[in-house]
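*Asks:* Handing you a structure now.
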Amino acid sequence: LPEQEAFDIEYWLLEEAKLQRMPKPKSLAGRIAIVTGGAGGIGMATAERYLSEGACAVLADIDAEALGKAKEALVQRYGRDMVRSVEMNVTSEEAVAAAYADMAVEFGGVDIVVSNAGIASSAKVEDTTLELWNKNMSILSTGYFLVAREAFRVLKAQGIGGSMVFVASKNGLAASPGASAYCTAKASEIHLARCLALEGAPEGIRVNVVNPDAVLRGSKIWTGEWLDQRAATYGTDKEGLEEMYRDRSLLKRSVLPEDIAEACYFFAADTSAKSTGNILNVDAGNVQAFTR
Ligand code: NAD
């Protein structure tokens, strides 16, 4: 090689080696994310995934005690400047609007909204009281609407697009025995997301859905009365249920909060910039197993 060319190549290789050693920029650096149900299993794992990519995270939850613990755990790992919490009932218009107003003051806005706060319930239709039906509709269907409506108001005013992720459920697509109120509410979340994807697209606001199958580990849903009812439906206990869900999945794997968090990360990050109105089932193949 001519001397100059050899020198250029050597110089380029040295520069390249330096770049390799430099820390990679984090994919969500500078972004602000709010996660409803952030004190729960899936919500906290999702907030942590965002924090690990450099975003600031706001945990929003109705459970003050769990919220305090979740926030402190994340502050320990990512620093006080990166994590906030807000006590909020997703069924209250005022509380939801106040949470976004707080975020505007604390962080100057929001980029990523994860609607995830939820409950589970189990009852055959003839035993489903109007109260139970309304509770499911109020926290799931209406709660997701209120969080999204305020998100749209804020994101449109900011004018720089944004990403919403709905954590719905496999049960919003596939029926589950003795859970018609929950399944119907979850189906409405999925359809709301599709409608909002249509409305948000012209403003660069993307709306996508992540559908978990049963996530038993880390989830507060899988405790108390609902766990007992579910276990009774299938004549087993918590371990038996987890085994059952794993065995009936195509991949024979249990779904964990971190698996859902990874899908929520995909829809928040720019790698999914061309996805909206999509549904990602994180179910180890369970939906397909149902419909084969
Ligand atoms: P979790 O109970 O661990 O977390 C849910 C959180 O939502 C809790 O911290 C709870 O305090 C909060 N919450 C409940 N009602 C609220 C309200 N009105 N306002 C604000 N916060 C409220 O459960 P999870 O497993 O992390 O569930 C998260 C989401 O995933 C829910 O929407 C749930 O329906 C959905 N999901 C869970 C599973 C599963 O098996 N765990 C399966 C499919 C879908």
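Please note that chains go A, B, ... in the order of the structure tokens, that every chain numbers its residues from 1, and that ligands are numbered from 1 in the order shown.
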List every residue of stretch 227-271 of chain A that has an atom at most 12 Å from any atom of stretch 16-28 of chain A, giving for each one its closest atom pair and the distance in Å to one decimal, counting only C-alpha atoms, sorted by chain and then by ascending residue number, as a tab-separated table.
*Replies:*
```
residue	atom	partner	partner_atom	distance
A:Tyr265	CA	A:Leu28	CA	9.2
A:Phe266	CA	A:Ser27	CA	10.6
A:Phe267	CA	A:Leu28	CA	11.6
A:Ala268	CA	A:Leu28	CA	8.3
A:Ala269	CA	A:Leu28	CA	6.7
A:Asp270	CA	A:Ser27	CA	7.9
A:Thr271	CA	A:Ser27	CA	9.2
```
*Asks:* Save out the residues we just selected, C-alpha atoms, as a PDB file, in the first residue's frame.
*Replies:*
```pdb
ATOM      1  CA  TYR A 265     -39.458  -1.524  25.788  1.00  0.00           C
ATOM      2  CA  PHE A 266     -39.658  -2.509  22.111  1.00  0.00           C
ATOM      3  CA  PHE A 267     -42.814  -0.421  21.606  1.00  0.00           C
ATOM      4  CA  ALA A 268     -41.335   2.559  23.488  1.00  0.00           C
ATOM      5  CA  ALA A 269     -38.032   2.618  21.623  1.00  0.00           C
ATOM      6  CA  ASP A 270     -37.320   3.975  18.144  1.00  0.00           C
ATOM      7  CA  THR A 271     -36.700   0.437  16.867  1.00  0.00           C
TER       8      THR A 271
END
```
*Asks:* Collect all residues with atoms no farther than 8 Å from ligand 1, counting only C-alpha atoms and all ligand atoms, and output them as a CSV table (one decimal) with N, CA and C atoms, in the first residue's frame.
*Replies:*
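Contents of the output file pocket_2.csv:
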```csv
chain,number,residue,atom,x,y,z
A,36,THR,N,-48.5,3.3,34.7
A,36,THR,CA,-49.5,3.1,35.7
A,36,THR,C,-49.4,1.6,36.2
A,37,GLY,N,-49.8,1.5,37.4
A,37,GLY,CA,-49.6,0.1,38.1
A,37,GLY,C,-48.1,-0.1,38.3
A,38,GLY,N,-47.4,1.0,38.4
A,38,GLY,CA,-45.9,0.9,38.5
A,38,GLY,C,-45.4,0.2,39.8
A,39,ALA,N,-46.3,0.1,40.7
A,39,ALA,CA,-45.9,-0.6,42.0
A,39,ALA,C,-46.1,-2.1,41.9
A,40,GLY,N,-46.7,-2.6,40.8
A,40,GLY,CA,-46.9,-4.0,40.6
A,40,GLY,C,-45.8,-4.7,39.9
A,41,GLY,N,-46.0,-6.0,39.7
A,41,GLY,CA,-45.0,-6.9,39.1
A,41,GLY,C,-44.6,-6.4,37.7
A,42,ILE,N,-45.5,-6.3,36.8
A,42,ILE,CA,-45.2,-6.0,35.4
A,42,ILE,C,-44.8,-4.5,35.3
A,43,GLY,N,-45.5,-3.6,36.0
A,43,GLY,CA,-45.3,-2.2,35.9
A,43,GLY,C,-43.9,-1.8,36.4
A,44,MET,N,-43.5,-2.4,37.5
A,44,MET,CA,-42.2,-2.1,38.0
A,44,MET,C,-41.0,-2.6,37.1
A,60,ALA,N,-46.9,5.3,38.7
A,60,ALA,CA,-48.2,5.8,39.2
A,60,ALA,C,-49.0,4.6,39.7
A,61,ASP,N,-49.5,4.7,40.9
A,61,ASP,CA,-50.3,3.5,41.4
A,61,ASP,C,-51.2,4.0,42.6
A,62,ILE,N,-52.2,3.2,42.8
A,62,ILE,CA,-53.2,3.5,43.9
A,62,ILE,C,-52.7,3.0,45.2
A,63,ASP,N,-51.8,2.0,45.2
A,63,ASP,CA,-51.3,1.4,46.5
A,63,ASP,C,-50.1,2.2,47.0
A,66,ALA,N,-47.0,0.0,48.5
A,66,ALA,CA,-46.2,-0.7,47.5
A,66,ALA,C,-45.5,0.3,46.6
A,67,LEU,N,-46.1,1.5,46.4
A,67,LEU,CA,-45.5,2.5,45.6
A,67,LEU,C,-44.2,3.0,46.2
A,87,GLU,N,-49.2,8.9,43.6
A,87,GLU,CA,-50.3,8.1,44.0
A,87,GLU,C,-51.5,8.5,43.1
A,88,MET,N,-52.1,7.5,42.5
A,88,MET,CA,-53.1,7.9,41.5
A,88,MET,C,-54.1,6.7,41.3
A,89,ASN,N,-55.4,7.1,41.3
A,89,ASN,CA,-56.4,6.1,41.0
A,89,ASN,C,-56.8,6.3,39.5
A,90,VAL,N,-56.5,5.3,38.6
A,90,VAL,CA,-56.8,5.5,37.2
A,90,VAL,C,-58.3,5.8,36.9
A,91,THR,N,-59.1,5.5,37.8
A,91,THR,CA,-60.6,5.8,37.5
A,91,THR,C,-61.0,7.2,37.8
A,115,SER,N,-50.0,2.1,30.0
A,115,SER,CA,-51.2,1.9,30.7
A,115,SER,C,-51.3,0.4,31.1
A,116,ASN,N,-51.1,0.2,32.4
A,116,ASN,CA,-50.9,-1.1,32.9
A,116,ASN,C,-51.7,-1.5,34.2
A,117,ALA,N,-52.1,-0.4,34.9
A,117,ALA,CA,-52.7,-0.6,36.2
A,117,ALA,C,-53.9,-1.5,36.0
A,118,GLY,N,-54.0,-2.6,36.8
A,118,GLY,CA,-55.2,-3.5,36.6
A,118,GLY,C,-55.4,-4.4,37.7
A,119,ILE,N,-56.5,-5.1,37.6
A,119,ILE,CA,-56.9,-6.1,38.5
A,119,ILE,C,-57.3,-7.4,37.7
A,120,ALA,N,-57.6,-8.4,38.5
A,120,ALA,CA,-58.2,-9.6,37.8
A,120,ALA,C,-59.4,-10.0,38.6
A,139,ILE,N,-61.9,0.1,36.2
A,139,ILE,CA,-60.4,0.1,36.3
A,139,ILE,C,-59.8,-0.2,35.0
A,140,LEU,N,-60.3,-1.2,34.3
A,140,LEU,CA,-59.6,-1.6,33.0
A,140,LEU,C,-60.0,-0.7,31.9
A,143,GLY,N,-60.3,3.1,33.0
A,143,GLY,CA,-59.0,3.6,33.4
A,143,GLY,C,-58.1,3.8,32.3
A,167,VAL,N,-50.8,-2.5,28.3
A,167,VAL,CA,-50.6,-3.9,28.8
A,167,VAL,C,-52.1,-4.5,28.9
A,168,ALA,N,-52.5,-5.2,27.9
A,168,ALA,CA,-53.9,-5.8,28.0
A,168,ALA,C,-53.8,-7.2,28.5
A,169,SER,N,-54.2,-8.2,27.7
A,169,SER,CA,-54.1,-9.6,28.2
A,169,SER,C,-54.4,-10.5,27.0
A,170,LYS,N,-53.8,-11.6,27.1
A,170,LYS,CA,-54.2,-12.7,26.1
A,170,LYS,C,-55.7,-12.9,26.2
A,171,ASN,N,-56.3,-12.7,27.4
A,171,ASN,CA,-57.7,-12.9,27.6
A,171,ASN,C,-58.6,-11.9,26.9
A,186,LYS,N,-60.8,-6.4,29.0
A,186,LYS,CA,-59.4,-6.5,28.3
A,186,LYS,C,-59.6,-6.4,26.8
A,211,ASN,N,-49.8,-8.2,25.1
A,211,ASN,CA,-50.7,-9.1,25.7
A,211,ASN,C,-50.0,-10.2,26.5
A,212,PRO,N,-49.9,-10.1,27.8
A,212,PRO,CA,-49.3,-11.2,28.6
A,212,PRO,C,-50.2,-12.4,28.7
A,213,ASP,N,-49.6,-13.6,28.8
A,213,ASP,CA,-50.4,-14.7,29.3
A,213,ASP,C,-50.1,-14.6,30.8
A,214,ALA,N,-50.6,-15.6,31.6
A,214,ALA,CA,-50.5,-15.6,33.0
A,214,ALA,C,-49.0,-15.4,33.4
A,215,VAL,N,-48.8,-14.3,34.2
A,215,VAL,CA,-47.5,-14.0,34.8
A,215,VAL,C,-47.7,-14.2,36.3
A,216,LEU,N,-47.3,-15.4,36.8
A,216,LEU,CA,-47.6,-15.7,38.2
A,216,LEU,C,-46.6,-15.1,39.2
A,217,ARG,N,-45.3,-15.2,38.8
A,217,ARG,CA,-44.2,-14.7,39.6
A,217,ARG,C,-44.1,-13.2,39.6
A,218,GLY,N,-44.1,-12.6,40.8
A,218,GLY,CA,-43.9,-11.2,40.9
A,218,GLY,C,-45.2,-10.4,40.9
A,219,SER,N,-46.3,-11.0,40.5
A,219,SER,CA,-47.6,-10.3,40.3
A,219,SER,C,-48.4,-10.4,41.6
A,220,LYS,N,-48.9,-9.2,42.0
A,220,LYS,CA,-49.8,-9.1,43.2
A,220,LYS,C,-51.2,-9.7,42.8
A,221,ILE,N,-51.5,-9.7,41.5
A,221,ILE,CA,-52.8,-10.3,41.1
A,221,ILE,C,-52.9,-11.8,41.6
A,222,TRP,N,-51.8,-12.5,41.5
A,222,TRP,CA,-51.8,-13.9,41.8
A,222,TRP,C,-51.6,-14.2,43.3
A,257,PRO,N,-42.4,-11.2,34.5
A,257,PRO,CA,-42.6,-9.7,34.3
A,257,PRO,C,-41.6,-9.1,33.4
```
*Asks:* Would you pick out the contacts of A:Ile34 at 6 Å or less, using only C-alpha atoms, so that residues sharing its chain but fewer than 5 positions from it are not included, and give the list as a PyMOL selection string?
*Replies:* chain A and resi 57-58+113
*Asks:* Give the strand (DSSP E) residues of stretch 93-283 of chain A, as DSSP finds them on the backbone, and put them as a VMD selection string.
*Replies:* chain A and resid 112 to 115 162 to 167 205 to 212 279 to 282
*Asks:* Mind dumping the selected residues with C-alpha atoms as a PDB file, in the first residue's frame?
*Replies:*
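Printed below is result-v8.pdb as written:
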```pdb
ATOM      1  CA  ILE A 112     -43.813   7.266  26.861  1.00  0.00           C
ATOM      2  CA  VAL A 113     -47.059   6.219  28.569  1.00  0.00           C
ATOM      3  CA  VAL A 114     -47.654   2.665  29.714  1.00  0.00           C
ATOM      4  CA  SER A 115     -51.239   1.912  30.684  1.00  0.00           C
ATOM      5  CA  GLY A 162     -44.818   9.810  21.603  1.00  0.00           C
ATOM      6  CA  SER A 163     -45.492   6.182  22.344  1.00  0.00           C
ATOM      7  CA  MET A 164     -48.294   4.569  24.309  1.00  0.00           C
ATOM      8  CA  VAL A 165     -48.231   0.939  25.324  1.00  0.00           C
ATOM      9  CA  PHE A 166     -51.311  -0.849  26.625  1.00  0.00           C
ATOM     10  CA  VAL A 167     -50.641  -3.899  28.758  1.00  0.00           C
ATOM     11  CA  ILE A 205     -48.295   9.242  18.468  1.00  0.00           C
ATOM     12  CA  ARG A 206     -47.986   5.464  18.331  1.00  0.00           C
ATOM     13  CA  VAL A 207     -50.234   3.124  20.328  1.00  0.00           C
ATOM     14  CA  ASN A 208     -49.441  -0.574  20.650  1.00  0.00           C
ATOM     15  CA  VAL A 209     -50.594  -3.470  22.799  1.00  0.00           C
ATOM     16  CA  VAL A 210     -48.686  -6.086  24.760  1.00  0.00           C
ATOM     17  CA  ASN A 211     -50.746  -9.127  25.743  1.00  0.00           C
ATOM     18  CA  PRO A 212     -49.302 -11.185  28.565  1.00  0.00           C
ATOM     19  CA  ILE A 279     -50.546  -6.458  19.248  1.00  0.00           C
ATOM     20  CA  LEU A 280     -47.641  -8.443  20.617  1.00  0.00           C
ATOM     21  CA  ASN A 281     -48.668 -11.560  22.514  1.00  0.00           C
ATOM     22  CA  VAL A 282     -46.066 -12.525  25.092  1.00  0.00           C
TER      23      VAL A 282
END
```
*Asks:* Please determine, counting only C-alpha atoms, which residue among A:Val83, A:Ala148, A:Ala101, A:Ala284 has the shortest atom-to-atom distance to A:Ala197.
*Replies:*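 Ranked by minimum distance to A:Ala197, first place goes to A:Ala148.
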*Asks:* Can you tell me, as a ChimeraX atom specification, what residues are no more than 12 Å from A:Gly109 when counting only C-alpha atoms, ignoring any on the same chain fewer than 3 positions away?
*Replies:* /A:30-34,56-58,99-106,112-113,151,153-162
*Asks:* For a test of reading the model, state the distance in Å between atom CA of A:Val96 and atom CA of A:Val110, rounded to one decimal.
*Replies:*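 Interatomic distance, atom CA of A:Val96 to atom CA of A:Val110: 13.5 Å.
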